[in-house]
Each structure stands twice: as structure tokens, then as C-alpha cells.
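With mmCIF, C-alpha atoms inside, this is query.cif:
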data_protein
loop_
_atom_site.label_atom_id
_atom_site.label_comp_id
_atom_site.auth_asym_id
_atom_site.auth_seq_id
_atom_site.Cartn_x
_atom_site.Cartn_y
_atom_site.Cartn_z
CA MET A 15 166.08 -83.74 22.80
CA TYR A 16 165.62 -86.09 19.87
CA PRO A 17 168.64 -86.70 17.61
CA THR A 18 169.18 -84.75 14.45
CA THR A 19 167.64 -84.52 11.00
CA LEU A 20 168.75 -87.80 9.44
CA THR A 21 167.28 -89.73 12.34
CA GLN A 22 163.92 -88.04 11.88
CA LEU A 23 164.12 -88.82 8.16
CA ALA A 24 164.76 -92.46 8.99
CA ARG A 25 161.63 -92.46 11.09
CA SER A 26 159.59 -91.08 8.16
CA ASN A 27 160.47 -94.08 5.94
CA PRO A 28 157.39 -96.30 5.53
CA PHE A 29 159.17 -99.55 6.35
CA SER A 30 159.83 -100.53 9.93
CA ALA A 31 161.73 -103.11 11.91
CA PRO A 32 159.57 -104.46 14.77
CA LEU A 33 162.24 -104.03 17.42
CA PHE A 34 163.36 -100.54 16.45
CA SER A 35 162.40 -97.45 18.38
CA VAL A 36 164.06 -94.06 18.79
CA GLN A 37 164.82 -93.40 22.41
CA GLN A 38 164.85 -89.97 23.98
CA VAL A 39 168.47 -89.14 24.79
CA GLU A 40 170.43 -86.24 26.07
CA GLU A 41 173.14 -85.01 23.74
CA PRO A 42 175.79 -82.38 24.35
CA LYS A 43 175.36 -79.19 22.37
CA GLN A 44 177.32 -79.24 19.14
CA ASN A 45 178.14 -76.64 16.54
CA LEU A 46 176.77 -76.85 13.03
CA ALA A 47 180.01 -78.17 11.61
CA SER A 48 179.73 -81.34 13.70
CA ASN A 49 176.06 -82.11 13.05
CA GLY A 50 176.66 -84.35 10.07
CA GLY A 51 179.08 -86.54 12.00
CA SER A 52 176.79 -86.93 15.00
CA THR A 53 173.86 -87.86 12.75
CA ARG A 54 175.89 -90.47 10.99
CA ARG A 55 177.19 -91.96 14.24
CA PHE A 56 173.66 -92.21 15.67
CA ALA A 57 172.36 -93.95 12.53
CA ALA A 58 175.26 -96.39 12.63
CA ALA A 59 174.59 -97.19 16.27
CA ALA A 60 170.91 -97.79 15.51
CA ALA A 61 171.90 -100.23 12.73
CA VAL A 62 174.16 -102.20 15.09
CA ASP A 63 171.49 -102.34 17.79
CA GLU A 64 168.96 -103.75 15.35
CA GLY A 65 171.35 -106.18 13.70
CA ASP A 66 170.96 -104.45 10.34
CA SER A 67 173.54 -105.08 7.65
CA CYS A 68 174.45 -101.42 7.09
CA GLU A 69 173.93 -97.88 8.24
CA PHE A 70 170.89 -95.91 7.09
CA GLY A 71 171.84 -93.61 4.21
CA SER A 72 175.21 -95.30 3.62
CA GLN A 73 176.52 -96.15 0.16
CA LYS A 74 175.70 -99.83 0.67
CA TYR A 75 172.17 -98.94 1.78
CA LEU A 76 171.53 -96.77 -1.29
CA LEU A 77 173.03 -99.32 -3.71
CA LEU A 78 170.87 -102.11 -2.30
CA CYS A 79 167.81 -99.85 -2.52
CA GLY A 80 168.67 -99.34 -6.20
CA PHE A 81 168.99 -103.12 -6.63
CA GLY A 82 165.58 -103.51 -5.02
CA GLY A 83 164.25 -101.03 -7.56
CA ILE A 84 165.70 -103.09 -10.43
CA LEU A 85 163.97 -106.24 -9.19
CA SER A 86 160.67 -104.55 -8.35
CA CYS A 87 160.27 -102.62 -11.62
CA GLY A 88 162.00 -104.91 -14.14
CA THR A 89 160.24 -108.12 -13.15
CA THR A 90 156.74 -106.71 -12.64
CA HIS A 91 156.60 -104.73 -15.88
CA THR A 92 157.90 -107.73 -17.82
CA ALA A 93 155.30 -110.03 -16.24
CA LEU A 94 152.52 -107.68 -17.38
CA VAL A 95 153.72 -107.30 -21.00
CA PRO A 96 150.60 -109.00 -22.50
CA LEU A 97 148.24 -106.56 -20.75
CA ASP A 98 150.52 -103.64 -21.59
CA LEU A 99 150.56 -104.68 -25.25
CA VAL A 100 146.76 -104.74 -25.45
CA LYS A 101 146.53 -101.41 -23.60
CA CYS A 102 148.95 -99.75 -26.05
CA ARG A 103 147.05 -101.09 -29.06
CA MET A 104 143.76 -99.82 -27.63
CA GLN A 105 145.35 -96.36 -27.36
CA VAL A 106 146.80 -96.19 -30.87
CA ASP A 107 144.00 -98.04 -32.74
CA PRO A 108 140.77 -97.75 -30.71
CA ASP A 109 138.55 -98.59 -33.72
CA LYS A 110 140.11 -102.05 -34.02
CA TYR A 111 140.82 -102.79 -30.36
CA LYS A 112 137.57 -101.73 -28.68
CA GLY A 113 138.15 -103.34 -25.28
CA ILE A 114 140.48 -105.55 -23.24
CA GLY A 115 138.74 -108.80 -24.20
CA THR A 116 138.54 -107.85 -27.88
CA GLY A 117 142.18 -106.78 -27.83
CA PHE A 118 143.34 -110.14 -26.51
CA LYS A 119 141.18 -112.06 -29.00
CA ILE A 120 142.46 -110.11 -32.01
CA THR A 121 146.08 -110.37 -30.85
CA LEU A 122 145.83 -114.13 -30.28
CA LYS A 123 144.15 -114.60 -33.67
CA GLU A 124 146.72 -112.56 -35.60
CA ASP A 125 149.95 -113.28 -33.69
CA GLY A 126 149.26 -116.36 -31.60
CA VAL A 127 150.23 -116.80 -27.94
CA ARG A 128 153.79 -115.78 -28.72
CA GLY A 129 152.55 -112.42 -29.95
CA LEU A 130 151.44 -111.49 -26.43
CA GLY A 131 155.10 -111.38 -25.40
CA LYS A 132 156.17 -108.80 -27.97
CA GLY A 133 158.36 -106.12 -26.47
CA TRP A 134 159.44 -108.08 -23.39
CA ALA A 135 163.17 -107.38 -23.87
CA PRO A 136 163.01 -103.55 -24.04
CA THR A 137 160.45 -103.66 -21.23
CA PHE A 138 162.77 -105.62 -18.94
CA ILE A 139 165.89 -103.57 -19.73
CA GLY A 140 164.16 -100.18 -19.71
CA TYR A 141 162.15 -100.61 -16.54
CA SER A 142 165.07 -102.21 -14.70
CA MET A 143 167.10 -99.06 -15.40
CA GLN A 144 164.14 -96.92 -14.41
CA GLY A 145 163.69 -98.84 -11.15
CA LEU A 146 167.35 -98.41 -10.26
CA CYS A 147 167.07 -94.63 -10.60
CA LYS A 148 163.52 -94.29 -9.23
CA PHE A 149 164.01 -96.07 -5.90
CA GLY A 150 167.71 -95.37 -5.45
CA PHE A 151 167.47 -91.63 -6.15
CA TYR A 152 164.27 -91.35 -4.11
CA GLU A 153 166.19 -92.40 -1.01
CA VAL A 154 169.02 -90.00 -1.92
CA PHE A 155 166.77 -87.00 -2.50
CA LYS A 156 164.65 -87.72 0.57
CA ILE A 157 167.75 -87.57 2.75
CA PHE A 158 169.04 -84.47 0.94
CA TYR A 159 165.79 -82.48 1.13
CA SER A 160 165.16 -83.50 4.73
CA ASP A 161 168.58 -82.18 5.73
CA LEU A 162 167.74 -78.89 4.03
CA MET A 163 164.33 -78.62 5.72
CA GLY A 164 165.33 -79.58 9.24
CA GLU A 165 163.76 -82.06 11.64
CA GLU A 166 160.53 -80.21 12.47
CA ASN A 167 159.78 -79.07 8.92
CA SER A 168 160.51 -82.57 7.61
CA TYR A 169 157.67 -83.81 9.78
CA LEU A 170 155.24 -80.95 9.19
CA TRP A 171 155.82 -80.93 5.42
CA ARG A 172 156.49 -84.64 4.97
CA THR A 173 154.03 -85.00 2.07
CA SER A 174 155.83 -82.19 0.23
CA LEU A 175 159.10 -83.94 1.03
CA TYR A 176 157.83 -87.18 -0.54
CA LEU A 177 156.56 -85.29 -3.61
CA ALA A 178 159.79 -83.38 -4.16
CA ALA A 179 162.05 -86.40 -3.66
CA SER A 180 160.01 -88.66 -5.96
CA ALA A 181 159.72 -86.02 -8.72
CA SER A 182 163.47 -85.42 -8.65
CA ALA A 183 164.20 -89.14 -8.83
CA GLU A 184 161.76 -89.75 -11.69
CA PHE A 185 163.31 -86.96 -13.78
CA PHE A 186 166.51 -89.01 -14.07
CA ALA A 187 164.71 -92.36 -14.18
CA ASP A 188 162.82 -91.38 -17.34
CA ILE A 189 166.01 -90.41 -19.15
CA ALA A 190 167.19 -93.97 -18.50
CA LEU A 191 163.84 -95.45 -19.60
CA ALA A 192 163.11 -93.41 -22.75
CA PRO A 193 165.14 -95.37 -25.37
CA MET A 194 163.73 -98.77 -24.40
CA GLU A 195 160.19 -97.38 -24.02
CA ALA A 196 160.37 -96.08 -27.60
CA CYS A 197 161.48 -99.49 -28.86
CA LYS A 198 158.80 -101.30 -26.86
CA VAL A 199 155.95 -99.22 -28.21
CA ARG A 200 157.23 -99.47 -31.81
CA ILE A 201 157.42 -103.28 -31.56
CA GLN A 202 154.02 -103.63 -29.94
CA THR A 203 151.98 -101.19 -32.02
CA GLN A 204 153.43 -101.43 -35.55
CA PRO A 205 152.82 -104.94 -36.93
CA GLY A 206 155.65 -106.07 -39.17
CA TYR A 207 158.03 -103.29 -38.12
CA ALA A 208 160.22 -105.48 -35.87
CA ASN A 209 159.74 -108.53 -33.70
CA THR A 210 162.83 -108.20 -31.53
CA LEU A 211 164.89 -105.47 -29.90
CA ARG A 212 167.86 -106.33 -32.14
CA GLU A 213 165.75 -105.66 -35.23
CA CYS A 214 164.09 -102.53 -33.87
CA VAL A 215 167.09 -100.47 -32.71
CA PRO A 216 168.95 -100.33 -36.09
CA LYS A 217 165.73 -99.47 -37.95
CA MET A 218 164.83 -96.63 -35.63
CA TRP A 219 168.39 -95.30 -35.71
CA ALA A 220 168.43 -95.36 -39.54
CA GLU A 221 165.09 -93.53 -39.78
CA GLU A 222 165.45 -90.77 -37.18
CA GLY A 223 168.82 -91.14 -35.46
CA VAL A 224 169.12 -90.58 -31.72
CA TRP A 225 165.94 -88.45 -31.77
CA ALA A 226 163.89 -91.62 -32.31
CA PHE A 227 164.86 -92.80 -28.83
CA TYR A 228 164.40 -89.54 -26.95
CA LYS A 229 161.56 -87.72 -28.71
CA GLY A 230 159.18 -89.23 -26.15
CA VAL A 231 161.12 -88.14 -23.07
CA VAL A 232 159.07 -84.97 -22.43
CA PRO A 233 155.71 -86.78 -22.65
CA LEU A 234 157.33 -89.50 -20.56
CA TRP A 235 158.10 -86.90 -17.87
CA MET A 236 154.48 -85.72 -18.16
CA ARG A 237 153.29 -89.27 -17.56
CA GLN A 238 155.82 -90.64 -15.12
CA ILE A 239 156.56 -87.68 -12.82
CA PRO A 240 152.91 -87.23 -11.70
CA TYR A 241 152.65 -91.02 -11.53
CA THR A 242 155.71 -91.37 -9.31
CA MET A 243 154.79 -88.41 -7.10
CA MET A 244 151.45 -90.08 -6.47
CA LYS A 245 153.07 -93.51 -6.11
CA PHE A 246 155.44 -92.51 -3.32
CA SER A 247 153.47 -89.85 -1.47
CA CYS A 248 150.16 -91.74 -1.54
CA PHE A 249 151.91 -94.95 -0.49
CA GLU A 250 153.76 -93.38 2.43
CA ARG A 251 150.66 -91.60 3.75
CA THR A 252 148.45 -94.67 3.20
CA VAL A 253 150.86 -96.78 5.24
CA GLU A 254 150.58 -94.21 8.04
CA LEU A 255 146.78 -94.29 7.94
CA LEU A 256 146.54 -98.08 7.76
CA TYR A 257 148.64 -98.54 10.87
CA LYS A 258 146.79 -95.75 12.65
CA HIS A 259 143.19 -96.66 11.81
CA VAL A 260 142.99 -100.16 10.28
CA VAL A 261 145.66 -102.50 11.65
CA PRO A 262 144.31 -103.76 15.03
CA LYS A 263 147.66 -103.71 16.83
CA PRO A 264 150.69 -101.42 17.02
CA ARG A 265 153.15 -101.64 14.17
CA ALA A 266 155.92 -102.72 16.55
CA GLU A 267 153.92 -105.86 17.34
CA CYS A 268 153.38 -106.80 13.68
CA SER A 269 155.53 -109.53 12.18
CA LYS A 270 157.51 -108.87 9.01
CA GLY A 271 154.92 -110.90 7.07
CA GLU A 272 152.09 -108.74 8.40
CA GLN A 273 154.03 -105.60 7.54
CA LEU A 274 154.50 -106.88 3.98
CA ILE A 275 150.72 -107.37 3.68
CA VAL A 276 150.19 -103.75 4.72
CA THR A 277 152.82 -102.77 2.15
CA PHE A 278 150.94 -104.62 -0.61
CA VAL A 279 147.55 -103.09 0.27
CA ALA A 280 148.97 -99.56 0.46
CA GLY A 281 150.76 -100.12 -2.83
CA TYR A 282 147.56 -101.17 -4.62
CA ILE A 283 145.64 -98.16 -3.32
CA ALA A 284 148.44 -95.86 -4.48
CA GLY A 285 148.53 -97.62 -7.86
CA VAL A 286 144.89 -96.83 -8.66
CA PHE A 287 145.50 -93.11 -8.18
CA CYS A 288 148.76 -93.36 -10.13
CA ALA A 289 146.98 -94.79 -13.16
CA ILE A 290 144.35 -92.05 -13.22
CA VAL A 291 146.68 -89.05 -12.96
CA SER A 292 149.16 -90.34 -15.55
CA HIS A 293 146.89 -91.95 -18.16
CA PRO A 294 146.41 -89.01 -20.59
CA ALA A 295 150.17 -88.60 -20.97
CA ASP A 296 150.53 -92.38 -21.36
CA SER A 297 148.16 -92.28 -24.33
CA VAL A 298 150.23 -89.51 -25.93
CA VAL A 299 153.48 -91.46 -25.42
CA SER A 300 152.00 -94.59 -27.04
CA VAL A 301 150.87 -92.77 -30.19
CA LEU A 302 153.99 -90.59 -30.35
CA ASN A 303 156.37 -93.55 -30.35
CA LYS A 304 154.26 -95.39 -32.93
CA GLU A 305 154.22 -92.64 -35.58
CA SER A 306 157.42 -91.32 -37.14
CA GLY A 307 157.70 -87.53 -37.26
CA SER A 308 154.82 -86.95 -34.84
CA THR A 309 154.87 -84.38 -32.03
CA ALA A 310 153.29 -84.39 -28.58
CA VAL A 311 151.06 -81.40 -29.37
CA GLY A 312 149.93 -82.94 -32.64
CA VAL A 313 149.08 -86.25 -31.00
CA LEU A 314 147.16 -84.50 -28.23
CA LYS A 315 145.03 -82.62 -30.77
CA LYS A 316 144.44 -85.81 -32.72
CA LEU A 317 143.28 -87.82 -29.69
CA GLY A 318 141.06 -85.12 -28.22
CA PRO A 319 139.62 -85.02 -24.67
CA LYS A 320 137.99 -88.44 -24.92
CA GLY A 321 140.76 -90.21 -26.80
CA VAL A 322 143.36 -89.67 -24.12
CA TRP A 323 141.28 -91.76 -21.70
CA LYS A 324 141.06 -94.86 -23.92
CA GLY A 325 142.40 -97.95 -22.17
CA LEU A 326 142.03 -96.48 -18.67
CA VAL A 327 140.40 -99.59 -17.14
CA ALA A 328 143.17 -101.83 -18.46
CA ARG A 329 145.77 -99.43 -17.10
CA ILE A 330 144.13 -99.23 -13.65
CA ILE A 331 144.21 -103.03 -13.40
CA MET A 332 147.79 -103.12 -14.67
CA ILE A 333 149.17 -100.23 -12.61
CA GLY A 334 147.32 -101.16 -9.43
CA THR A 335 148.73 -104.68 -9.51
CA LEU A 336 152.10 -103.40 -10.69
CA THR A 337 152.50 -100.81 -7.94
CA ALA A 338 151.42 -103.21 -5.20
CA LEU A 339 153.89 -105.86 -6.37
CA GLN A 340 156.68 -103.31 -6.74
CA TRP A 341 156.35 -102.08 -3.17
CA PHE A 342 156.03 -105.67 -1.92
CA ILE A 343 159.21 -106.76 -3.73
CA TYR A 344 161.10 -103.61 -2.72
CA ASP A 345 160.18 -104.08 0.94
CA SER A 346 161.05 -107.79 0.72
CA VAL A 347 164.50 -106.92 -0.61
CA LYS A 348 165.02 -104.66 2.40
CA VAL A 349 163.98 -107.51 4.70
CA TYR A 350 166.23 -110.04 2.94
CA PHE A 351 169.33 -107.83 3.05
CA ARG A 352 168.50 -106.62 6.57
CA LEU A 353 168.41 -102.96 5.58
CA PRO A 354 167.20 -100.34 8.08
CA ARG A 355 163.40 -100.10 7.91
CA PRO A 356 162.38 -97.27 10.26
CA PRO A 357 158.74 -96.74 11.33
CA PRO A 358 156.33 -94.05 10.09
CA PRO A 359 157.02 -90.46 11.14
CA GLU A 360 156.10 -89.16 14.57
CA MET A 361 156.05 -85.59 15.78
CA PRO A 362 159.48 -84.50 17.12
CA GLU A 363 159.64 -83.82 20.85
CA SER A 364 160.77 -80.25 20.22
CA LEU A 365 157.66 -79.60 18.13
CA LYS A 366 155.42 -81.15 20.79
CA LYS A 367 156.84 -78.73 23.33
CA LYS A 368 156.26 -75.76 20.99
CA LEU A 369 152.65 -76.80 20.51
CA GLY A 370 152.16 -77.34 24.23
CA LEU A 371 151.49 -81.06 23.82
CA THR A 372 154.09 -81.98 26.43
CA GLU A 373 155.43 -80.23 29.49
#

In C-alpha cells, what does this structure look like?
Amino acid sequence: MYPTTLTQLARSNPFSAPLFSVQQVEEPKQNLASNGGSTRRFAAAAAVDEGDSCEFGSQKYLLLCGFGGILSCGTTHTALVPLDLVKCRMQVDPDKYKGIGTGFKITLKEDGVRGLGKGWAPTFIGYSMQGLCKFGFYEVFKIFYSDLMGEENSYLWRTSLYLAASASAEFFADIALAPMEACKVRIQTQPGYANTLRECVPKMWAEEGVWAFYKGVVPLWMRQIPYTMMKFSCFERTVELLYKHVVPKPRAECSKGEQLIVTFVAGYIAGVFCAIVSHPADSVVSVLNKESGSTAVGVLKKLGPKGVWKGLVARIIMIGTLTALQWFIYDSVKVYFRLPRPPPPEMPESLKKKLGLTE
């Protein structure tokens, strides 16, 4: 039979190494107490066979995945600060900033080129911390939930597995992001309030205390958890479909460069859907962090059904590009550090036999 749960989980990861394949092997029957050890030994053997730098699911693997998350989220969000600044201003002052082009013109006229970089420091720090938790904990929770579900259910319910693991990871990631997100929005949307992170933090603390940094965490969960669930589940399933229906040759025959191209395309497709499902909550977060003493419910009433969709086009462009680059960088980090990159999921042999697909 096929090896145990962790191996099947490895196979469900969207990133693959061209020379890796799971071979059908005969294993002696083992009691439940020994399953964890046998899974770990098999994963370690697979890593050695492939020349990977560590075992799948090991501490080193998870830490390097977290490092990949820091690079993918911190750098990409910082690079897109000018577009993010205009998007936020369109959300909080739609009468003045009527479109993307108008927003850039007004910002350049009032603040100059330097003004387009406002909020870069809290963006870099906040989204680096978020990336560490988002990608690192996603790998942790995917392993944990797959072990709970078992090999066959992990395959049959793999989309639910991706959704649950990504939602759990984002819950903690947003707690890490919230303080810097509050500072970023205050700097970008309140002219004259503060130009740097060092100016902003003491002012916000003096006005509202610690609440100033965490009052947006619930709307942040409303924005980021649906976003991340879509980001990971849509990406993983899109990668499956691209290799199955679009890429003209088997994944095992694709070079690492070709695999990275597939990663980028799948990431952009996922990003478009991410932007749409999370935009209303993003509008609420922007206004909430701009206005002292405001509440999420009050902001939602103020914006109305149409107001929450202001700036959607700018956000689709930003998030689509952002998500594609994040997955590309994350996958590149795995390639550089020679981390295990198992292929898309395939039906377990035991399930094939149950369904009568094999003799």
C-alpha cells in the first residue's frame, strides 16, 4: 500500500521536484503508536533520495517556509506602496480621489514623488511579520489537519483542507499585522498627522493607547481570512488544473523555470479572486484606521453598499500582481534552499481499490 498520511500530504503540496515520485512499496503492518515514526522515516528517506536539504515537515523546513513568507510578503507589499496609498485614499475620500489616475496626479501635486512612498516602513515590517505567520503556519496546519483526516480523506477533501489550514494561519498572521497596518493607514490617509513610523506610533499611543493598534483586527480578520482562504485554495487547485489541462507535458518533465512560470500564472488567477472577496472589508479597515473613535459597524453604515466597492479596480491590479509575485518568490525560496517540493495530489491506491479503479 502507499505510505502513511504525511506522505500523502507531501504529495498534495503544489510545488514539485521533477525527479520525485512516490513509489508503491510494501510495508509491514504497524500499530498506531508507531505510525508517526514510520511517516517521518519515509519523508526523511525521500529527502535524501532527492538531494533535498531537509526532511518534509521538519523544523528546518517550517522555519525556511516562514522565511520565504517574510521575503514574499514584505518585499511585494513594500514595492506596491504607491498604488496602495492611492487605493486607500480613494476608499476614505472618494469625492477627492475619483480614480487611480486622478489619485496619482493629486498625490504628486500635493506631496511630490516622495509622497508616494508614505507608509513604506510599517508596510515592510507589518507584512513581513504577516508573511512569516501566513506561510509558516499554513504548512504547520496543513500537516496537522491532514494527520487528523487520514490519507484518503485528505485527498477527497483537499480543498477543505487548504481552506481550514489557510484560515487558521491567517488568524495568527493578522494579529501580527494589525499594529503596523493601523500605522500605515494613518500615515497614508491623514495628511499632516505623521510622515514616519517613529512619529506615528507615539501619537497613536497617546490618543487611544493600545486600542489604536488593535481596533482594526476584527475587520482585518474579515478582510484577510477570506482573502487567504481564496489565495491558498484557489492557487493549489489552479496549479492542479494547469498541469492537467494546459501544460503540454507532464509536470515531471518540466524544468524548475517552467514550474515557476506555472506558479506565477496560478498565483495571478488566485489574486483576482482574492481581491474581489476581501475588498469590502478592506474598505472598512481603511476608514476605521483613519478616524479616531470609529467602529466597524459605523463605518459600514457610512460607506453603504456602493461605497465598500470603491477602489476595486486598483485593488485587483495590486492584489493580482502581489499574489503572483508572492507565490513566485515563495516557490523560488524553496528551490534555492532545496526544500521538498512534492507534486500535486493523486488518488491513494487504497481509494482506487475501493472505487474499483484498480484490481

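Applied to this file, the PyMOL selection byres ((chain A and resi 191-199) around 6) selects Gly133, Pro136, Gly140, Gln144, Asp188, Ile189, Ala190, Arg200, Ile201, Gln202, Thr203, Phe227, Tyr228, Val231 and Asn303 of chain A.
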
Per residue of region 237-328 of chain A within 9 Å of region 355-370 of chain A, note the shortest atom pair and the distance in Å to one decimal, counting all atoms listed in the file, and order the rows by chain and increasing residue number, as a tab-separated table.
residue	atom	partner	partner_atom	distance
A:Glu250	CA	A:Pro358	CA	8.1
A:Arg251	CA	A:Pro358	CA	8.9
A:Val253	CA	A:Pro358	CA	7.8
A:Glu254	CA	A:Pro358	CA	6.1
A:Tyr257	CA	A:Pro358	CA	8.9
A:Arg265	CA	A:Pro357	CA	8.0
A:Ala266	CA	A:Pro357	CA	8.4

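When only C-alpha atoms are used to compute distances to Gly285 (chain A), the closest of the residues A:Lys316, A:Lys263, A:Lys245, A:Lys101 turns out to be A:Lys245.
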
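From CA of Gly150 (chain A) back to CA of Gly281 (chain A), the distance works out to 17.8 Å.
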
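In this model, the gap between CA of Ala226 (chain A) and CA of Pro294 (chain A) comes to 21.2 Å.
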
Distance query Ser292 (chain A) at most 12 Å, all atoms listed in the file, self and fewer than 4 positions along chain excluded, as an MDAnalysis selection string: chainID A and resid 233:245 285:288 296:299 322:323 326 329:330 333

Distance cut-off 6 Å, centre (167.1, -106.0, -2.3) in file coordinates, counting only C-alpha atoms: which residues qualify? Return them as a list in words. Leu78, Phe81, Gly82, Val347 and Lys348 of chain A

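Once the PyMOL selection byres ((chain A and resi 273-276) around 9) is applied to the shown structure, the selection contains Phe29, Ser30, Val253, Leu256, Tyr257, Val261, Arg265, Cys268, Ser269, Lys270, Gly271, Glu272, Thr277, Phe278, Val279, Ala280, Gly281, Trp341, Phe342, Asp345 and Ser346 of chain A.
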
Which one is closest to Ile343 (chain A): A:Val301, A:Thr90, A:Gly71, A:Asp66? Count all atoms listed in the file. A:Thr90

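CA of Thr89 (chain A) sits 6.8 Å away from CA of Phe138 (chain A).
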